[in-house]
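Chemist: Sharing entry.pdb, PDB, C-alpha atoms:
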ATOM      1  CA  MET Z 295     172.391  87.163 153.162  1.00  0.00           C
ATOM      2  CA  ASP Z 296     174.456  84.981 150.865  1.00  0.00           C
ATOM      3  CA  PRO Z 297     178.192  85.502 150.245  1.00  0.00           C
ATOM      4  CA  ILE Z 298     177.613  87.069 146.826  1.00  0.00           C
ATOM      5  CA  GLU Z 299     175.230  89.658 148.290  1.00  0.00           C
ATOM      6  CA  GLN Z 300     177.753  90.326 151.058  1.00  0.00           C
ATOM      7  CA  ASP Z 301     180.413  90.963 148.429  1.00  0.00           C
ATOM      8  CA  VAL Z 302     178.095  93.336 146.563  1.00  0.00           C
ATOM      9  CA  LEU Z 303     177.413  95.284 149.751  1.00  0.00           C
ATOM     10  CA  GLY Z 304     181.088  95.241 150.719  1.00  0.00           C
ATOM     11  CA  GLU Z 305     182.144  96.631 147.363  1.00  0.00           C
ATOM     12  CA  ALA Z 306     179.456  99.303 147.496  1.00  0.00           C
ATOM     13  CA  LEU Z 307     180.629 100.276 150.988  1.00  0.00           C
ATOM     14  CA  ASP Z 308     184.198 100.540 149.719  1.00  0.00           C
ATOM     15  CA  ARG Z 309     183.047 102.913 146.977  1.00  0.00           C
ATOM     16  CA  MET Z 310     181.140 104.962 149.544  1.00  0.00           C
ATOM     17  CA  TRP Z 311     184.195 105.102 151.780  1.00  0.00           C
ATOM     18  CA  ALA Z 312     186.210 106.516 148.888  1.00  0.00           C
ATOM     19  CA  GLN Z 313     183.453 109.049 148.249  1.00  0.00           C
ATOM     20  CA  PHE Z 314     183.300 110.200 151.864  1.00  0.00           C
ATOM     21  CA  LEU Z 315     187.007 109.969 152.704  1.00  0.00           C
ATOM     22  CA  PRO Z 316     187.547 113.731 152.172  1.00  0.00           C
ATOM     23  CA  LEU Z 317     184.721 114.412 154.649  1.00  0.00           C
ATOM     24  CA  MET Z 318     186.308 112.082 157.220  1.00  0.00           C
ATOM     25  CA  GLU Z 319     189.701 113.755 156.722  1.00  0.00           C
ATOM     26  CA  GLU Z 320     188.117 117.187 157.091  1.00  0.00           C
ATOM     27  CA  ARG Z 321     186.605 116.155 160.436  1.00  0.00           C
ATOM     28  CA  VAL Z 322     189.956 114.823 161.650  1.00  0.00           C
ATOM     29  CA  SER Z 323     191.700 118.017 160.530  1.00  0.00           C
ATOM     30  CA  LEU Z 324     189.207 119.969 162.591  1.00  0.00           C
ATOM     31  CA  LEU Z 325     190.040 117.798 165.604  1.00  0.00           C
ATOM     32  CA  GLN Z 326     193.780 118.208 165.067  1.00  0.00           C
ATOM     33  CA  ASN Z 327     193.398 121.980 164.738  1.00  0.00           C
ATOM     34  CA  ALA Z 328     191.289 122.048 167.895  1.00  0.00           C
ATOM     35  CA  ALA Z 329     193.941 120.063 169.775  1.00  0.00           C
ATOM     36  CA  ALA Z 330     196.630 122.519 168.610  1.00  0.00           C
ATOM     37  CA  ALA Z 331     194.482 125.510 169.615  1.00  0.00           C
ATOM     38  CA  PHE Z 332     193.776 123.943 173.014  1.00  0.00           C
ATOM     39  CA  SER Z 333     197.495 123.392 173.532  1.00  0.00           C
ATOM     40  CA  ALA Z 334     198.122 127.069 172.709  1.00  0.00           C
ATOM     41  CA  ASP Z 335     195.239 128.058 175.014  1.00  0.00           C
ATOM     42  CA  THR Z 336     193.389 129.750 172.133  1.00  0.00           C
ATOM     43  CA  LEU Z 337     190.500 127.317 171.617  1.00  0.00           C
ATOM     44  CA  SER Z 338     187.258 129.304 171.442  1.00  0.00           C
ATOM     45  CA  ILE Z 339     183.894 127.987 172.620  1.00  0.00           C
ATOM     46  CA  GLU Z 340     182.717 127.809 168.997  1.00  0.00           C
ATOM     47  CA  GLU Z 341     185.812 125.806 168.011  1.00  0.00           C
ATOM     48  CA  ARG Z 342     185.293 123.467 170.939  1.00  0.00           C
ATOM     49  CA  GLN Z 343     181.672 122.915 169.937  1.00  0.00           C
ATOM     50  CA  ALA Z 344     182.758 122.255 166.357  1.00  0.00           C
ATOM     51  CA  ALA Z 345     185.329 119.730 167.613  1.00  0.00           C
ATOM     52  CA  MET Z 346     182.672 118.039 169.723  1.00  0.00           C
ATOM     53  CA  ALA Z 347     180.358 117.805 166.695  1.00  0.00           C
ATOM     54  CA  ALA Z 348     183.125 116.454 164.457  1.00  0.00           C
ATOM     55  CA  ALA Z 349     184.027 113.820 167.038  1.00  0.00           C
ATOM     56  CA  HIS Z 350     180.358 112.883 167.442  1.00  0.00           C
ATOM     57  CA  LYS Z 351     179.951 112.390 163.692  1.00  0.00           C
ATOM     58  CA  LEU Z 352     183.116 110.313 163.415  1.00  0.00           C
ATOM     59  CA  ALA Z 353     182.067 108.178 166.375  1.00  0.00           C
ATOM     60  CA  GLY Z 354     178.771 107.497 164.667  1.00  0.00           C
ATOM     61  CA  VAL Z 355     180.141 106.500 161.291  1.00  0.00           C
ATOM     62  CA  LEU Z 356     183.613 104.962 161.549  1.00  0.00           C
ATOM     63  CA  GLY Z 357     182.410 101.701 163.067  1.00  0.00           C
ATOM     64  CA  THR Z 358     179.902 101.344 160.248  1.00  0.00           C
ATOM     65  CA  PHE Z 359     182.872 101.168 157.896  1.00  0.00           C
ATOM     66  CA  GLY Z 360     184.549  98.574 160.084  1.00  0.00           C
ATOM     67  CA  LEU Z 361     186.776 101.022 161.987  1.00  0.00           C
ATOM     68  CA  THR Z 362     185.665 100.170 165.519  1.00  0.00           C
ATOM     69  CA  LYS Z 363     188.807 101.597 167.118  1.00  0.00           C
ATOM     70  CA  GLY Z 364     188.088 104.856 165.312  1.00  0.00           C
ATOM     71  CA  THR Z 365     184.652 105.027 166.891  1.00  0.00           C
ATOM     72  CA  VAL Z 366     186.162 104.421 170.350  1.00  0.00           C
ATOM     73  CA  LEU Z 367     188.732 107.211 169.911  1.00  0.00           C
ATOM     74  CA  ALA Z 368     186.218 109.652 168.444  1.00  0.00           C
ATOM     75  CA  ARG Z 369     183.792 108.974 171.283  1.00  0.00           C
ATOM     76  CA  GLU Z 370     186.595 109.635 173.795  1.00  0.00           C
ATOM     77  CA  LEU Z 371     187.264 113.001 172.134  1.00  0.00           C
ATOM     78  CA  GLU Z 372     183.559 113.853 172.045  1.00  0.00           C
ATOM     79  CA  ILE Z 373     183.336 113.264 175.791  1.00  0.00           C
ATOM     80  CA  LEU Z 374     186.485 115.285 176.508  1.00  0.00           C
ATOM     81  CA  TYR Z 375     185.340 118.264 174.429  1.00  0.00           C
ATOM     82  CA  SER Z 376     181.804 118.153 175.818  1.00  0.00           C
ATOM     83  CA  ARG Z 377     182.961 118.595 179.413  1.00  0.00           C
ATOM     84  CA  GLU Z 378     181.590 121.831 180.846  1.00  0.00           C
ATOM     85  CA  GLY Z 379     184.321 124.447 180.575  1.00  0.00           C
ATOM     86  CA  GLY Z 380     186.290 122.302 178.148  1.00  0.00           C
ATOM     87  CA  PRO Z 381     188.856 119.539 178.593  1.00  0.00           C
ATOM     88  CA  GLU Z 382     191.212 119.537 181.566  1.00  0.00           C
ATOM     89  CA  ARG Z 383     194.543 121.217 180.753  1.00  0.00           C
ATOM     90  CA  SER Z 384     196.463 118.047 181.580  1.00  0.00           C
ATOM     91  CA  LEU Z 385     194.661 116.235 178.745  1.00  0.00           C
ATOM     92  CA  SER Z 386     196.136 118.422 176.021  1.00  0.00           C
ATOM     93  CA  PRO Z 387     198.619 115.742 174.829  1.00  0.00           C
ATOM     94  CA  ARG Z 388     195.812 113.165 174.780  1.00  0.00           C
ATOM     95  CA  LEU Z 389     193.632 115.355 172.527  1.00  0.00           C
ATOM     96  CA  ALA Z 390     196.453 115.618 170.003  1.00  0.00           C
ATOM     97  CA  ALA Z 391     197.434 111.945 170.210  1.00  0.00           C
ATOM     98  CA  ALA Z 392     193.881 110.674 169.760  1.00  0.00           C
ATOM     99  CA  ALA Z 393     193.297 112.962 166.769  1.00  0.00           C
ATOM    100  CA  ALA Z 394     196.576 111.824 165.190  1.00  0.00           C
ATOM    101  CA  GLU Z 395     195.653 108.182 165.762  1.00  0.00           C
ATOM    102  CA  LEU Z 396     192.294 108.799 164.133  1.00  0.00           C
ATOM    103  CA  ARG Z 397     194.056 110.113 161.044  1.00  0.00           C
ATOM    104  CA  THR Z 398     196.219 106.974 160.910  1.00  0.00           C
ATOM    105  CA  ILE Z 399     193.194 104.698 161.279  1.00  0.00           C
ATOM    106  CA  ILE Z 400     191.286 106.491 158.540  1.00  0.00           C
ATOM    107  CA  ALA Z 401     194.308 106.411 156.213  1.00  0.00           C
ATOM    108  CA  SER Z 402     194.716 102.688 156.813  1.00  0.00           C
ATOM    109  CA  ARG Z 403     191.304 101.711 155.406  1.00  0.00           C
ATOM    110  CA  LYS Z 404     191.457 100.687 151.781  1.00  0.00           C
TER
ATOM    111  CA  MET Q 173     158.176  91.368 152.397  1.00  0.00           C
ATOM    112  CA  SER Q 174     159.129  94.733 150.966  1.00  0.00           C
ATOM    113  CA  HIS Q 175     158.774  97.874 153.028  1.00  0.00           C
ATOM    114  CA  ARG Q 176     159.171 101.553 152.381  1.00  0.00           C
ATOM    115  CA  ILE Q 177     161.463 103.284 154.868  1.00  0.00           C
ATOM    116  CA  LEU Q 178     162.098 106.985 155.312  1.00  0.00           C
ATOM    117  CA  ILE Q 179     165.572 107.855 156.609  1.00  0.00           C
ATOM    118  CA  ILE Q 180     165.886 111.297 158.192  1.00  0.00           C
ATOM    119  CA  ASP Q 181     169.504 112.233 158.923  1.00  0.00           C
ATOM    120  CA  ASP Q 182     171.476 115.414 158.270  1.00  0.00           C
ATOM    121  CA  GLU Q 183     174.747 113.490 157.813  1.00  0.00           C
ATOM    122  CA  GLU Q 184     175.080 112.485 154.181  1.00  0.00           C
ATOM    123  CA  ASP Q 185     177.496 109.615 154.840  1.00  0.00           C
ATOM    124  CA  ILE Q 186     175.234 107.953 157.403  1.00  0.00           C
ATOM    125  CA  ARG Q 187     172.150 108.546 155.271  1.00  0.00           C
ATOM    126  CA  ASP Q 188     173.728 107.034 152.168  1.00  0.00           C
ATOM    127  CA  VAL Q 189     175.174 103.988 153.932  1.00  0.00           C
ATOM    128  CA  ALA Q 190     171.878 103.274 155.688  1.00  0.00           C
ATOM    129  CA  ALA Q 191     169.989 103.585 152.394  1.00  0.00           C
ATOM    130  CA  LEU Q 192     172.468 101.322 150.634  1.00  0.00           C
ATOM    131  CA  SER Q 193     172.193  98.775 153.421  1.00  0.00           C
ATOM    132  CA  LEU Q 194     168.384  98.674 153.495  1.00  0.00           C
ATOM    133  CA  GLU Q 195     168.092  98.524 149.702  1.00  0.00           C
ATOM    134  CA  THR Q 196     170.834  95.923 149.183  1.00  0.00           C
ATOM    135  CA  VAL Q 197     170.316  93.633 152.153  1.00  0.00           C
ATOM    136  CA  ALA Q 198     166.543  93.792 152.584  1.00  0.00           C
ATOM    137  CA  GLY Q 199     165.362  95.029 149.198  1.00  0.00           C
ATOM    138  CA  TRP Q 200     163.345  97.784 150.858  1.00  0.00           C
ATOM    139  CA  ASP Q 201     162.269 100.941 149.113  1.00  0.00           C
ATOM    140  CA  VAL Q 202     164.112 103.876 150.700  1.00  0.00           C
ATOM    141  CA  VAL Q 203     163.224 107.562 150.793  1.00  0.00           C
ATOM    142  CA  VAL Q 204     165.694 110.006 152.356  1.00  0.00           C
ATOM    143  CA  ALA Q 205     165.495 113.430 153.961  1.00  0.00           C
ATOM    144  CA  SER Q 206     168.307 115.635 155.272  1.00  0.00           C
ATOM    145  CA  SER Q 207     166.373 117.576 157.929  1.00  0.00           C
ATOM    146  CA  GLY Q 208     163.449 117.207 160.267  1.00  0.00           C
ATOM    147  CA  ALA Q 209     161.266 119.592 158.263  1.00  0.00           C
ATOM    148  CA  GLN Q 210     162.051 117.833 154.997  1.00  0.00           C
ATOM    149  CA  GLY Q 211     161.449 114.502 156.680  1.00  0.00           C
ATOM    150  CA  ILE Q 212     157.961 115.486 157.818  1.00  0.00           C
ATOM    151  CA  ALA Q 213     157.103 116.628 154.288  1.00  0.00           C
ATOM    152  CA  ARG Q 214     158.425 113.382 152.798  1.00  0.00           C
ATOM    153  CA  ALA Q 215     156.544 111.311 155.379  1.00  0.00           C
ATOM    154  CA  ILE Q 216     153.282 113.013 154.405  1.00  0.00           C
ATOM    155  CA  GLU Q 217     154.048 112.562 150.698  1.00  0.00           C
ATOM    156  CA  HIS Q 218     155.372 108.978 150.701  1.00  0.00           C
ATOM    157  CA  GLN Q 219     153.553 107.421 153.683  1.00  0.00           C
ATOM    158  CA  PRO Q 220     156.435 105.081 154.594  1.00  0.00           C
ATOM    159  CA  ASP Q 221     155.950 101.912 156.634  1.00  0.00           C
ATOM    160  CA  ALA Q 222     158.494 103.218 159.146  1.00  0.00           C
ATOM    161  CA  ILE Q 223     160.858 106.115 159.771  1.00  0.00           C
ATOM    162  CA  LEU Q 224     164.507 105.847 160.810  1.00  0.00           C
ATOM    163  CA  LEU Q 225     165.138 109.147 162.580  1.00  0.00           C
ATOM    164  CA  ASP Q 226     168.473 110.658 163.608  1.00  0.00           C
ATOM    165  CA  VAL Q 227     168.555 112.318 167.022  1.00  0.00           C
ATOM    166  CA  MET Q 228     171.133 115.093 166.673  1.00  0.00           C
ATOM    167  CA  MET Q 229     170.237 117.388 163.803  1.00  0.00           C
ATOM    168  CA  PRO Q 230     170.509 121.174 163.494  1.00  0.00           C
ATOM    169  CA  GLU Q 231     167.366 123.333 163.604  1.00  0.00           C
ATOM    170  CA  MET Q 232     164.838 120.541 164.281  1.00  0.00           C
ATOM    171  CA  ASP Q 233     166.342 117.656 166.230  1.00  0.00           C
ATOM    172  CA  GLY Q 234     165.042 114.090 166.249  1.00  0.00           C
ATOM    173  CA  PRO Q 235     162.828 114.323 169.348  1.00  0.00           C
ATOM    174  CA  THR Q 236     161.206 117.536 168.061  1.00  0.00           C
ATOM    175  CA  THR Q 237     160.690 115.969 164.641  1.00  0.00           C
ATOM    176  CA  PHE Q 238     159.121 112.928 166.310  1.00  0.00           C
ATOM    177  CA  ARG Q 239     156.684 115.074 168.287  1.00  0.00           C
ATOM    178  CA  GLU Q 240     155.694 116.948 165.116  1.00  0.00           C
ATOM    179  CA  LEU Q 241     155.127 113.637 163.307  1.00  0.00           C
ATOM    180  CA  ARG Q 242     152.865 112.488 166.135  1.00  0.00           C
ATOM    181  CA  LYS Q 243     150.863 115.734 166.058  1.00  0.00           C
ATOM    182  CA  ASN Q 244     150.110 115.407 162.344  1.00  0.00           C
ATOM    183  CA  ALA Q 245     147.148 113.190 161.428  1.00  0.00           C
ATOM    184  CA  ALA Q 246     148.883 112.144 158.205  1.00  0.00           C
ATOM    185  CA  THR Q 247     151.970 110.796 159.993  1.00  0.00           C
ATOM    186  CA  GLN Q 248     150.980 110.049 163.581  1.00  0.00           C
ATOM    187  CA  LYS Q 249     150.613 106.286 163.049  1.00  0.00           C
ATOM    188  CA  ILE Q 250     153.904 105.743 161.231  1.00  0.00           C
ATOM    189  CA  PRO Q 251     156.284 103.835 163.528  1.00  0.00           C
ATOM    190  CA  VAL Q 252     159.544 105.616 164.311  1.00  0.00           C
ATOM    191  CA  VAL Q 253     162.917 104.117 165.182  1.00  0.00           C
ATOM    192  CA  LEU Q 254     165.497 106.545 166.547  1.00  0.00           C
ATOM    193  CA  LEU Q 255     169.089 106.271 165.378  1.00  0.00           C
ATOM    194  CA  THR Q 256     171.559 107.791 167.798  1.00  0.00           C
ATOM    195  CA  ALA Q 257     175.250 107.945 168.604  1.00  0.00           C
ATOM    196  CA  LYS Q 258     174.392 108.897 172.190  1.00  0.00           C
ATOM    197  CA  VAL Q 259     175.296 106.002 174.428  1.00  0.00           C
ATOM    198  CA  GLN Q 260     174.767 107.442 177.917  1.00  0.00           C
ATOM    199  CA  SER Q 261     171.965 105.716 179.805  1.00  0.00           C
ATOM    200  CA  SER Q 262     170.320 109.047 180.712  1.00  0.00           C
ATOM    201  CA  ASP Q 263     169.976 109.864 177.007  1.00  0.00           C
ATOM    202  CA  GLN Q 264     168.591 106.402 176.288  1.00  0.00           C
ATOM    203  CA  ARG Q 265     165.945 106.773 179.009  1.00  0.00           C
ATOM    204  CA  ARG Q 266     164.978 110.200 177.653  1.00  0.00           C
ATOM    205  CA  PHE Q 267     164.554 108.796 174.142  1.00  0.00           C
ATOM    206  CA  ALA Q 268     162.576 105.785 175.346  1.00  0.00           C
ATOM    207  CA  ASP Q 269     160.220 108.117 177.222  1.00  0.00           C
ATOM    208  CA  LEU Q 270     159.314 109.812 173.928  1.00  0.00           C
ATOM    209  CA  GLY Q 271     157.275 106.774 172.898  1.00  0.00           C
ATOM    210  CA  VAL Q 272     159.246 105.746 169.825  1.00  0.00           C
ATOM    211  CA  GLU Q 273     158.928 102.176 168.615  1.00  0.00           C
ATOM    212  CA  GLY Q 274     162.658 101.489 168.834  1.00  0.00           C
ATOM    213  CA  ILE Q 275     166.136 102.912 169.424  1.00  0.00           C
ATOM    214  CA  LEU Q 276     169.168 101.834 167.406  1.00  0.00           C
ATOM    215  CA  PHE Q 277     172.726 102.963 167.928  1.00  0.00           C
ATOM    216  CA  LYS Q 278     175.455 104.326 165.693  1.00  0.00           C
ATOM    217  CA  PRO Q 279     177.678 102.954 164.470  1.00  0.00           C
ATOM    218  CA  PHE Q 280     175.368 100.350 162.960  1.00  0.00           C
ATOM    219  CA  ASP Q 281     176.339  97.230 161.053  1.00  0.00           C
ATOM    220  CA  PRO Q 282     175.205  97.631 157.421  1.00  0.00           C
ATOM    221  CA  MET Q 283     174.797  93.856 157.187  1.00  0.00           C
ATOM    222  CA  THR Q 284     172.234  93.732 160.018  1.00  0.00           C
ATOM    223  CA  LEU Q 285     170.575  97.161 160.060  1.00  0.00           C
ATOM    224  CA  SER Q 286     167.407  95.956 158.341  1.00  0.00           C
ATOM    225  CA  ALA Q 287     167.136  92.997 160.725  1.00  0.00           C
ATOM    226  CA  GLN Q 288     167.486  95.347 163.708  1.00  0.00           C
ATOM    227  CA  ILE Q 289     164.746  97.617 162.380  1.00  0.00           C
ATOM    228  CA  ALA Q 290     162.502  94.637 161.635  1.00  0.00           C
ATOM    229  CA  ALA Q 291     163.058  93.280 165.146  1.00  0.00           C
ATOM    230  CA  ALA Q 292     162.292  96.650 166.746  1.00  0.00           C
ATOM    231  CA  LEU Q 293     159.035  96.882 164.797  1.00  0.00           C
ATOM    232  CA  GLY Q 294     158.004  93.264 165.174  1.00  0.00           C
ATOM    233  CA  TRP Q 295     158.263  92.615 161.450  1.00  0.00           C
ATOM    234  CA  ASN Q 296     158.874  88.972 160.657  1.00  0.00           C
TER
END
Could you show the structure in this file as structure tokens?
Modeler:
Amino acid sequence: MDPIEQDVLGEALDRMWAQFLPLMEERVSLLQNAAAAFSADTLSIEERQAAMAAAHKLAGVLGTFGLTKGTVLARELEILYSREGGPERSLSPRLAAAAAELRTIIASRK
Amino acid sequence: MSHRILIIDDEEDIRDVAALSLETVAGWDVVVASSGAQGIARAIEHQPDAILLDVMMPEMDGPTTFRELRKNAATQKIPVVLLTAKVQSSDQRRFADLGVEGILFKPFDPMTLSAQIAAALGWN
């Protein structure tokens, strides 16, 4: 692939990122809400499953847009939420911190 | 050489980026479907050279879709490459046991996705 074609693809990816940014933010909001609910001990099974799905989707797509760290964080959250019975109580601060970091990473991509 | 690829994925962002990548980088003809059932119908209609199939989808997941494709005389010979965000080795073994032609992992690199598919299918 020559440099001009790479630029064409890169620009098209940037446009797609702008198009899907609200979807990414929605998934992160879901993760932040789940972390808050877990902290308050009110996270339902359905909410935990939704958080797991949101994390799975983010893990699968962020690296494609060059956000490798985002994929790593999202995968960590997917694993934590998929644990049988839910995350360990001691990990509550980590759930919130990872979700907040995801929001920062997503906001940082132009 | 140009190929026709069917992408079956319920996630619009992944589907669109993969289609963009295969069209822009490789110049392939891309058909998309957002569910397993729709994917089977499009495979019968368009007879693609290969199918890129997501694993985790609601209602009919990737493995179930693959088995249905193999049961149908109109689609049973179309090679299938799974696309998954599952990285655990137990999942990978389970997918390999299905008999698919290849397994690729999310996140993929849009610059090299077509080359990875071509390598999995032995396309030169």
Chemist: Show me, as a list in words, the residues of chain Q whose atoms get within 10 Å of chain Z, using only C-alpha atoms for the distance check.
Modeler: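 That gives Glu183, Glu184, Asp185, Ile186, Asp188, Val189, Ala190, Leu192, Ser193, Glu195, Thr196, Val197, Ala198, Met228, Leu255, Thr256, Ala257, Lys258, Val259, Phe277, Lys278, Pro279, Phe280, Asp281, Pro282, Met283 and Thr284 of chain Q for chain Q.
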Chemist: Determine, counting all atoms listed in the file, which protein, DNA and RNA residues have an atom within 12 Å of an atom of Z:Asp335; residues of the same chain fewer than 3 positions away are not included. Present the result as a list in words.
Modeler: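 Non-adjacent residues within range: Ala328, Ala329, Ala330, Ala331, Phe332, Ser338, Ile339, Glu341, Arg342, Gly380, Pro381, Glu382, Arg383 and Ser386 of chain Z.
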Chemist: Using the selection just defined, write its residues with C-alpha atoms as a PDB file, keeping the file's coordinate frame.
Modeler:
ATOM      1  CA  ALA Z 328     191.289 122.048 167.895  1.00  0.00           C
ATOM      2  CA  ALA Z 329     193.941 120.063 169.775  1.00  0.00           C
ATOM      3  CA  ALA Z 330     196.630 122.519 168.610  1.00  0.00           C
ATOM      4  CA  ALA Z 331     194.482 125.510 169.615  1.00  0.00           C
ATOM      5  CA  PHE Z 332     193.776 123.943 173.014  1.00  0.00           C
ATOM      6  CA  SER Z 338     187.258 129.304 171.442  1.00  0.00           C
ATOM      7  CA  ILE Z 339     183.894 127.987 172.620  1.00  0.00           C
ATOM      8  CA  GLU Z 341     185.812 125.806 168.011  1.00  0.00           C
ATOM      9  CA  ARG Z 342     185.293 123.467 170.939  1.00  0.00           C
ATOM     10  CA  GLY Z 380     186.290 122.302 178.148  1.00  0.00           C
ATOM     11  CA  PRO Z 381     188.856 119.539 178.593  1.00  0.00           C
ATOM     12  CA  GLU Z 382     191.212 119.537 181.566  1.00  0.00           C
ATOM     13  CA  ARG Z 383     194.543 121.217 180.753  1.00  0.00           C
ATOM     14  CA  SER Z 386     196.136 118.422 176.021  1.00  0.00           C
TER      15      SER Z 386
END
Chemist: Could you list, as a PyMOL selection string, every residue within 9 Å of stretch 246-253 of chain Q, counting all atoms listed in the file and ignoring same-chain residues fewer than 6 positions away?
Modeler: chain Q and resi 212+215-216+219-226+238-240+271-276+289+292-293
Chemist: For the point (191.5, 118.7, 170.3) in file coordinates, what residues are within 12 Å, counting all atoms listed in the file? Give the answer as a ChimeraX atom specification?
Modeler: /Z:321-338,341-349,367-368,370-376,380-383,385-394,396
Chemist: Just say which residues the PyMOL selection byres ((chain Q and resi 179) around 8) picks in this file, as a PDB file with C-alpha atoms, in the coordinates of the input.
Modeler:
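Everything below was put into result.pdb:
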ATOM      1  CA  ILE Q 177     161.463 103.284 154.868  1.00  0.00           C
ATOM      2  CA  LEU Q 178     162.098 106.985 155.312  1.00  0.00           C
ATOM      3  CA  ILE Q 180     165.886 111.297 158.192  1.00  0.00           C
ATOM      4  CA  ASP Q 181     169.504 112.233 158.923  1.00  0.00           C
ATOM      5  CA  ARG Q 187     172.150 108.546 155.271  1.00  0.00           C
ATOM      6  CA  ALA Q 190     171.878 103.274 155.688  1.00  0.00           C
ATOM      7  CA  ALA Q 191     169.989 103.585 152.394  1.00  0.00           C
ATOM      8  CA  VAL Q 202     164.112 103.876 150.700  1.00  0.00           C
ATOM      9  CA  VAL Q 203     163.224 107.562 150.793  1.00  0.00           C
ATOM     10  CA  VAL Q 204     165.694 110.006 152.356  1.00  0.00           C
ATOM     11  CA  ALA Q 205     165.495 113.430 153.961  1.00  0.00           C
ATOM     12  CA  GLY Q 211     161.449 114.502 156.680  1.00  0.00           C
ATOM     13  CA  ILE Q 223     160.858 106.115 159.771  1.00  0.00           C
ATOM     14  CA  LEU Q 224     164.507 105.847 160.810  1.00  0.00           C
ATOM     15  CA  LEU Q 225     165.138 109.147 162.580  1.00  0.00           C
TER      16      LEU Q 225
END
Chemist: Just to confirm, what's the straight-line distance from atom CA of Q:Val227 to atom CA of Q:Gly208 in Å (one decimal)?
Modeler: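 Value for the atom CA of Q:Val227-atom CA of Q:Gly208 distance: 9.8 Å.
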Chemist: When distances are computed from all atoms listed in the file, which of Q:Asn244, Q:Gln264, Q:Ser206, Q:Ser174 shows the smallest separation from Q:Ser286?
Modeler: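 Ranking Q:Asn244, Q:Gln264, Q:Ser206, Q:Ser174 by distance to Q:Ser286, first place goes to Q:Ser174.
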Chemist: Suppose you want the space between atom CA of Q:Ala290 and atom CA of Q:His175; what is it in Å?
Modeler: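 For atom CA of Q:Ala290 relative to atom CA of Q:His175, the distance reads 9.9 Å.
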Chemist: Give the padded box for stretch 273-276 of chain Q as JSON: axis-aligned, covering all atoms listed in the file, 4 Å on each side, centre and edge lengths in Å to one decimal.
Modeler:
{"center_x": 164.0, "center_y": 102.2, "center_z": 168.4, "size_x": 18.2, "size_y": 9.4, "size_z": 10.0}
Chemist: Calculate how many Å separate atom CA of Q:Trp295 from atom CA of Q:Met173, rounding to one decimal.
Modeler: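 Value for the atom CA of Q:Trp295-atom CA of Q:Met173 distance: 9.1 Å.
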